[in-house]
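Let me begin by presenting the structure, written as structure tokens, before commenting on it.
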Amino acid sequence: MSRGGDYERLPMSRSGISASSRPLIRPRTFFLILRYALPMTALVVFLGFYFYEPHIELAFYDRTWIHKEIDPVSPLAGCFDQGRVSPSYNVSEYIYGPKKTEVQAGKEMKMGLDCYNFAGTIKQEYRSPYSSRVPPEERTQYHTYWRSDLAPFGPRQEWMLKSFFATQDTTTSRLILWSNGDLSGNQILQTYLNRFPDAFALKIVDIPGMAIGTELEGSDLLVSKDAKAWVDGDLIRLLLLWNYGGIWVDMDSLMTRDLDPLLEHEFVTQWDCYDKKYLPLNGALMRFRKHSPYLCEAFHIMATSTPPRSGSTDWGALLYFKLWRRLLAASIPPFKVLPFCFSDGRSCRLDNRLPDPFVPDSTAGKWTFGLGLEEGGGLDQVLHKVFSVHLHNQWEKSYPSDGWVDRLLLRRYDKKLEVREEL
Ligand SMILES: *[C@@H]1O[C@H](CO)[C@@H](O)[C@H](O)[C@H]1NC(C)=O
């Protein structure tokens with residue numbers, strides 16, 4: 001059998017097969033081929049999967065949209081120019097100043113526990129307790145938002161507050177729960193107002209008021225009839241951070257660790273561990289300082305781009321991405337992008353994402369890579385490294401009793417808050 005690359009000979013090997021089974025295709029031949037070809041194909045596919053990992057990602061992006069929204073990198077509006085930066089924002093310190101911790105790995109961290117382990121490299125610095133009271137306005141401001149007309153604020157929502165008071169420094173930070181209506185009559189919220197008068201506040205958002213002094217001031221975009229659909233999401237967080245500075249946290253989060261070591265940076269987060277080509281950034285947890293020129297540039301993009309489509313991420317992921325690319329084009333260090341697992345360990349592959357918070361623990365008591373779900377176990381250690389767990393709404397679901405969320409997070413919040421109550 002000589003194969004010596006002789007193409008003329010190839011058809012002969014085929015005729016060799018058909019020779020053993022009479023000329024042309026008769027039903028019998030057909031079934032004979034099926035009988036051998038099918039199992040052979042199955043075997044090859046099986047072996048192929050056994051020895052090789054297939055990596056296939058299919059996504060469809062509208063070419064017109066890419067040409068219009070992604071490809072062009074327009075110039076910045078000049079918010080970083082000397083003389084235009086607000087006196088309350090120190091560019092040489094906040095953007096160019098030395099930093100203690102690195103929050104970007106410089107590499108995707110899809111494998112194993114890499115991302116969680118990277119989060120573990122960020123150490124909490126010991127801070128001596130403040131002896132004097134820090135006035136509410138001077139604290140690190142955390143902002144979150146709850147639509148009063150959407151659903152009542154109940155025990156399920158209260159867990160986010162508990163997670164905040166159990167994990168953040170209540171002597172130096174303040175959580176402001178913003179809303180589009182009055183929440184002060186709510187029994188649950190009243191208990192927190194009484195207990196943490198300096199570290200908790202309820203406020204009502206005034207969108208047009210907050211936009212004063214920005215490029216969006218007086219814009220139709222703030223009052224258009226569609227506004228409600230995106231206003232309560234993407235716009236509010238940017239306006240709040242512009243006016244007050246601090247950290248935005250989505251209400252559907254459970255905080256697991258003090259965010260303090262991250263706060264020397266301004267940041268958004270990675271959407272998931274796959275880094276979607278055109279929409280890699282997420283704003284469920286973001287940090288910007290008051291009058292940050294990054295936000296000033298974001299408002300410029302909002303004011304000059306195509307108005308956002310209802311229910312889209314046009315004023316979220318797409319906006320951050322446009323801004324990030326414009327910054328690079330202008331040789332300005334961009335804001336940071338926290339790795340997905342810092343706040344959203346659910347957004348990766350089956351084998352290394354956090355277990356589903358709304359499903360009872362596996363009967364084997366294991367998470368992944370043989371790591372356990374018990375107190376002090378593998379999952380518990382990971383939860384001490386990351387900063388928050390994003391629950392992606394799912395407000396109608398509850399945490400299974402004695403499940404990992406209940407044991408490793410909720411009970412500990414309660415315990416921590418009990419201790420604090422006694423003090
Ligand atoms: C800005 O920060 C730098 C570096 O920390 C400092 O030297 C400078 O005095 C600050 N400028 C203002 C106006 O506070």
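To be explicit about the labels: the chains of the structure tokens are called A, B, and onward in the order shown, and within each one the residues are counted from 1, while ligands get numbers from 1 in the order they are shown.
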
Legend entry - Residues flagged helix (DSSP H, G or I) by DSSP in region 366-418 of chain A, as an MDAnalysis selection string: chainID A and resid 378:385 404:418

Inset, instruction - For Leu76 (chain A), please output as a list in words all residues within 8 Å (counting only C-alpha atoms; exclusion window: fewer than 4 positions along the same chain). - result: Glu297, Arg326, Leu327 and Ala330 of chain A

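Secondary structure of region 220-420 of chain A, strand (DSSP E) only (DSSP, backbone atoms): Gly246, Ile247, Trp248, Val249, Ser253, Leu254, Met255, Phe267, Val268, Thr269, Gln270, Leu281, Asn282, Gly283, Ala284, Leu285, Met286, Arg287, Phe288, Lys336, Val337, Leu338, Ser388, Val389 and His390 of chain A.
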
Output for the residues just chosen: N, CA and C atoms as a short mmCIF file (atom, residue, chain, number, x, y, z; two decimals), in the first residue's frame:
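Listing of again-v8.cif after writing:
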data_model
loop_
_atom_site.label_atom_id
_atom_site.label_comp_id
_atom_site.auth_asym_id
_atom_site.auth_seq_id
_atom_site.Cartn_x
_atom_site.Cartn_y
_atom_site.Cartn_z
N GLY A 246 -18.03 57.97 45.59
CA GLY A 246 -18.21 56.78 46.39
C GLY A 246 -18.30 55.53 45.57
N ILE A 247 -19.17 54.63 46.03
CA ILE A 247 -19.28 53.31 45.42
C ILE A 247 -20.74 53.04 45.11
N TRP A 248 -20.98 52.54 43.92
CA TRP A 248 -22.33 52.07 43.57
C TRP A 248 -22.38 50.56 43.73
N VAL A 249 -23.40 50.07 44.45
CA VAL A 249 -23.61 48.61 44.55
C VAL A 249 -25.04 48.33 44.16
N SER A 253 -27.16 42.39 45.52
CA SER A 253 -25.81 41.91 45.85
C SER A 253 -25.76 41.54 47.33
N LEU A 254 -24.87 40.64 47.65
CA LEU A 254 -24.54 40.39 49.05
C LEU A 254 -23.06 40.68 49.19
N MET A 255 -22.71 41.64 50.04
CA MET A 255 -21.30 41.98 50.19
C MET A 255 -20.65 40.96 51.11
N PHE A 267 -13.19 52.34 39.32
CA PHE A 267 -13.34 51.10 38.57
C PHE A 267 -14.77 50.78 38.17
N VAL A 268 -14.88 49.94 37.16
CA VAL A 268 -16.09 49.18 36.88
C VAL A 268 -15.66 47.71 36.98
N THR A 269 -16.50 46.77 36.57
CA THR A 269 -16.07 45.38 36.66
C THR A 269 -16.14 44.69 35.30
N GLN A 270 -15.48 43.56 35.25
CA GLN A 270 -15.53 42.71 34.06
C GLN A 270 -16.91 42.05 34.02
N LEU A 281 -17.63 45.10 29.81
CA LEU A 281 -17.62 45.81 31.10
C LEU A 281 -19.01 45.89 31.72
N ASN A 282 -19.04 45.95 33.03
CA ASN A 282 -20.28 45.93 33.79
C ASN A 282 -20.24 46.97 34.91
N GLY A 283 -21.39 47.50 35.24
CA GLY A 283 -21.44 48.55 36.27
C GLY A 283 -22.21 48.17 37.51
N ALA A 284 -22.37 46.89 37.77
CA ALA A 284 -23.12 46.47 38.96
C ALA A 284 -22.40 46.89 40.24
N LEU A 285 -21.09 46.97 40.17
CA LEU A 285 -20.29 47.50 41.28
C LEU A 285 -19.33 48.49 40.63
N MET A 286 -19.42 49.74 41.00
CA MET A 286 -18.48 50.70 40.41
C MET A 286 -18.09 51.76 41.42
N ARG A 287 -16.93 52.33 41.17
CA ARG A 287 -16.41 53.31 42.12
C ARG A 287 -15.84 54.48 41.33
N PHE A 288 -16.36 55.67 41.58
CA PHE A 288 -15.77 56.88 41.02
C PHE A 288 -15.81 57.96 42.08
N LYS A 336 -10.04 51.36 36.23
CA LYS A 336 -9.71 49.94 36.33
C LYS A 336 -10.93 49.06 36.03
N VAL A 337 -10.63 47.81 35.71
CA VAL A 337 -11.69 46.83 35.49
C VAL A 337 -11.45 45.68 36.47
N LEU A 338 -12.29 45.58 37.49
CA LEU A 338 -12.11 44.50 38.47
C LEU A 338 -12.46 43.17 37.81
N SER A 388 -18.02 40.56 46.86
CA SER A 388 -19.47 40.61 46.80
C SER A 388 -19.99 39.48 45.92
N VAL A 389 -21.23 39.11 46.13
CA VAL A 389 -21.87 38.09 45.29
C VAL A 389 -23.07 38.74 44.62
N HIS A 390 -23.05 38.78 43.31
CA HIS A 390 -24.15 39.42 42.57
C HIS A 390 -25.21 38.36 42.28
#

Inset, instruction - Pick out the residues no farther than 10 Å from ligand 1, counting only C-alpha atoms and all ligand atoms, and list them as a ChimeraX atom specification. - result: /A:87-98

Those same residues, written as a PDB file, in the first residue's frame with N, CA and C atoms?
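Written output follows (out25.pdb):
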ATOM      1  N   PRO A  87     -11.880  71.398  41.250  1.00  0.00           N
ATOM      2  CA  PRO A  87     -10.871  71.515  42.322  1.00  0.00           C
ATOM      3  C   PRO A  87     -10.973  70.387  43.337  1.00  0.00           C
ATOM      4  N   SER A  88     -12.127  69.739  43.432  1.00  0.00           N
ATOM      5  CA  SER A  88     -12.258  68.662  44.411  1.00  0.00           C
ATOM      6  C   SER A  88     -11.628  67.354  43.905  1.00  0.00           C
ATOM      7  N   TYR A  89     -11.167  67.338  42.662  1.00  0.00           N
ATOM      8  CA  TYR A  89     -10.575  66.125  42.107  1.00  0.00           C
ATOM      9  C   TYR A  89      -9.097  66.354  41.825  1.00  0.00           C
ATOM     10  N   ASN A  90      -8.245  65.609  42.513  1.00  0.00           N
ATOM     11  CA  ASN A  90      -6.800  65.789  42.377  1.00  0.00           C
ATOM     12  C   ASN A  90      -6.235  64.777  41.369  1.00  0.00           C
ATOM     13  N   VAL A  91      -6.067  65.201  40.129  1.00  0.00           N
ATOM     14  CA  VAL A  91      -5.617  64.289  39.063  1.00  0.00           C
ATOM     15  C   VAL A  91      -4.268  63.650  39.399  1.00  0.00           C
ATOM     16  N   SER A  92      -3.333  64.464  39.900  1.00  0.00           N
ATOM     17  CA  SER A  92      -1.996  63.895  40.129  1.00  0.00           C
ATOM     18  C   SER A  92      -2.020  62.850  41.232  1.00  0.00           C
ATOM     19  N   GLU A  93      -2.961  62.965  42.138  1.00  0.00           N
ATOM     20  CA  GLU A  93      -3.036  61.945  43.176  1.00  0.00           C
ATOM     21  C   GLU A  93      -3.929  60.771  42.748  1.00  0.00           C
ATOM     22  N   TYR A  94      -5.121  61.071  42.270  1.00  0.00           N
ATOM     23  CA  TYR A  94      -6.089  60.000  42.009  1.00  0.00           C
ATOM     24  C   TYR A  94      -5.734  59.183  40.761  1.00  0.00           C
ATOM     25  N   ILE A  95      -5.215  59.839  39.735  1.00  0.00           N
ATOM     26  CA  ILE A  95      -4.928  59.097  38.503  1.00  0.00           C
ATOM     27  C   ILE A  95      -3.467  58.669  38.426  1.00  0.00           C
ATOM     28  N   TYR A  96      -2.563  59.596  38.780  1.00  0.00           N
ATOM     29  CA  TYR A  96      -1.141  59.279  38.616  1.00  0.00           C
ATOM     30  C   TYR A  96      -0.428  58.942  39.922  1.00  0.00           C
ATOM     31  N   GLY A  97      -1.129  59.063  41.049  1.00  0.00           N
ATOM     32  CA  GLY A  97      -0.485  58.828  42.338  1.00  0.00           C
ATOM     33  C   GLY A  97      -0.153  57.354  42.557  1.00  0.00           C
ATOM     34  N   PRO A  98       0.781  57.072  43.491  1.00  0.00           N
ATOM     35  CA  PRO A  98       1.130  55.670  43.774  1.00  0.00           C
ATOM     36  C   PRO A  98      -0.055  54.923  44.379  1.00  0.00           C
TER      37      PRO A  98
END

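Residue nearest Leu279 (chain A) within the list A:Pro39, A:Gly365, A:Gly316, A:Gly213: A:Gly316 [criterion: smallest interatomic distance, only C-alpha atoms].
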
Inset, instruction - Just the residues within 12 Å of Glu108 (chain A), please, counting only C-alpha atoms, with nothing from its chain fewer than 6 positions along; format it as an MDAnalysis selection string. - result: chainID A and resid 114:115 118 270 272:276 280 337:341 348

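Closest approach to Leu202 (chain A) among A:Trp395, A:Tyr142, A:Tyr278, A:Tyr320 is made by A:Tyr142 (distances from only C-alpha atoms).
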
Inset, instruction - List the neighbours of Leu177 (chain A) out to 10 Å using only C-alpha atoms; skip same-chain residues closer than 6 positions along the sequence, and give me the result as a list in words. - result: Tyr142, His143, Thr144, Tyr145, Trp146, Leu161, Leu183, Leu189, Phe200, Ala201, Leu202, Lys203, Ile204, Val205 and Met251 of chain A

Legend entry - Shell of 7 Å around Ala77 (chain A), only C-alpha atoms, local chain residues under 2 positions omitted, as a ChimeraX atom specification: /A:75,79,297,300

Inset, instruction - Check the smallest atom-to-atom distance from each of A:Met160, A:Leu295, A:Leu371, A:Ala105 to Ala119 (chain A) using only C-alpha atoms, then report the winner. - result: A:Ala105

Inset, instruction - For Gln141 (chain A), list every protein, DNA or RNA residue within 8 Å, evaluated using only C-alpha atoms, and leave out those in the same chain fewer than 2 positions away; present the list as a list in words. - result: Glu137, Arg139, His143, Ser173, Arg174, Leu175, Ile176, Tyr244, Gly245, Gly246 and Ile247 of chain A
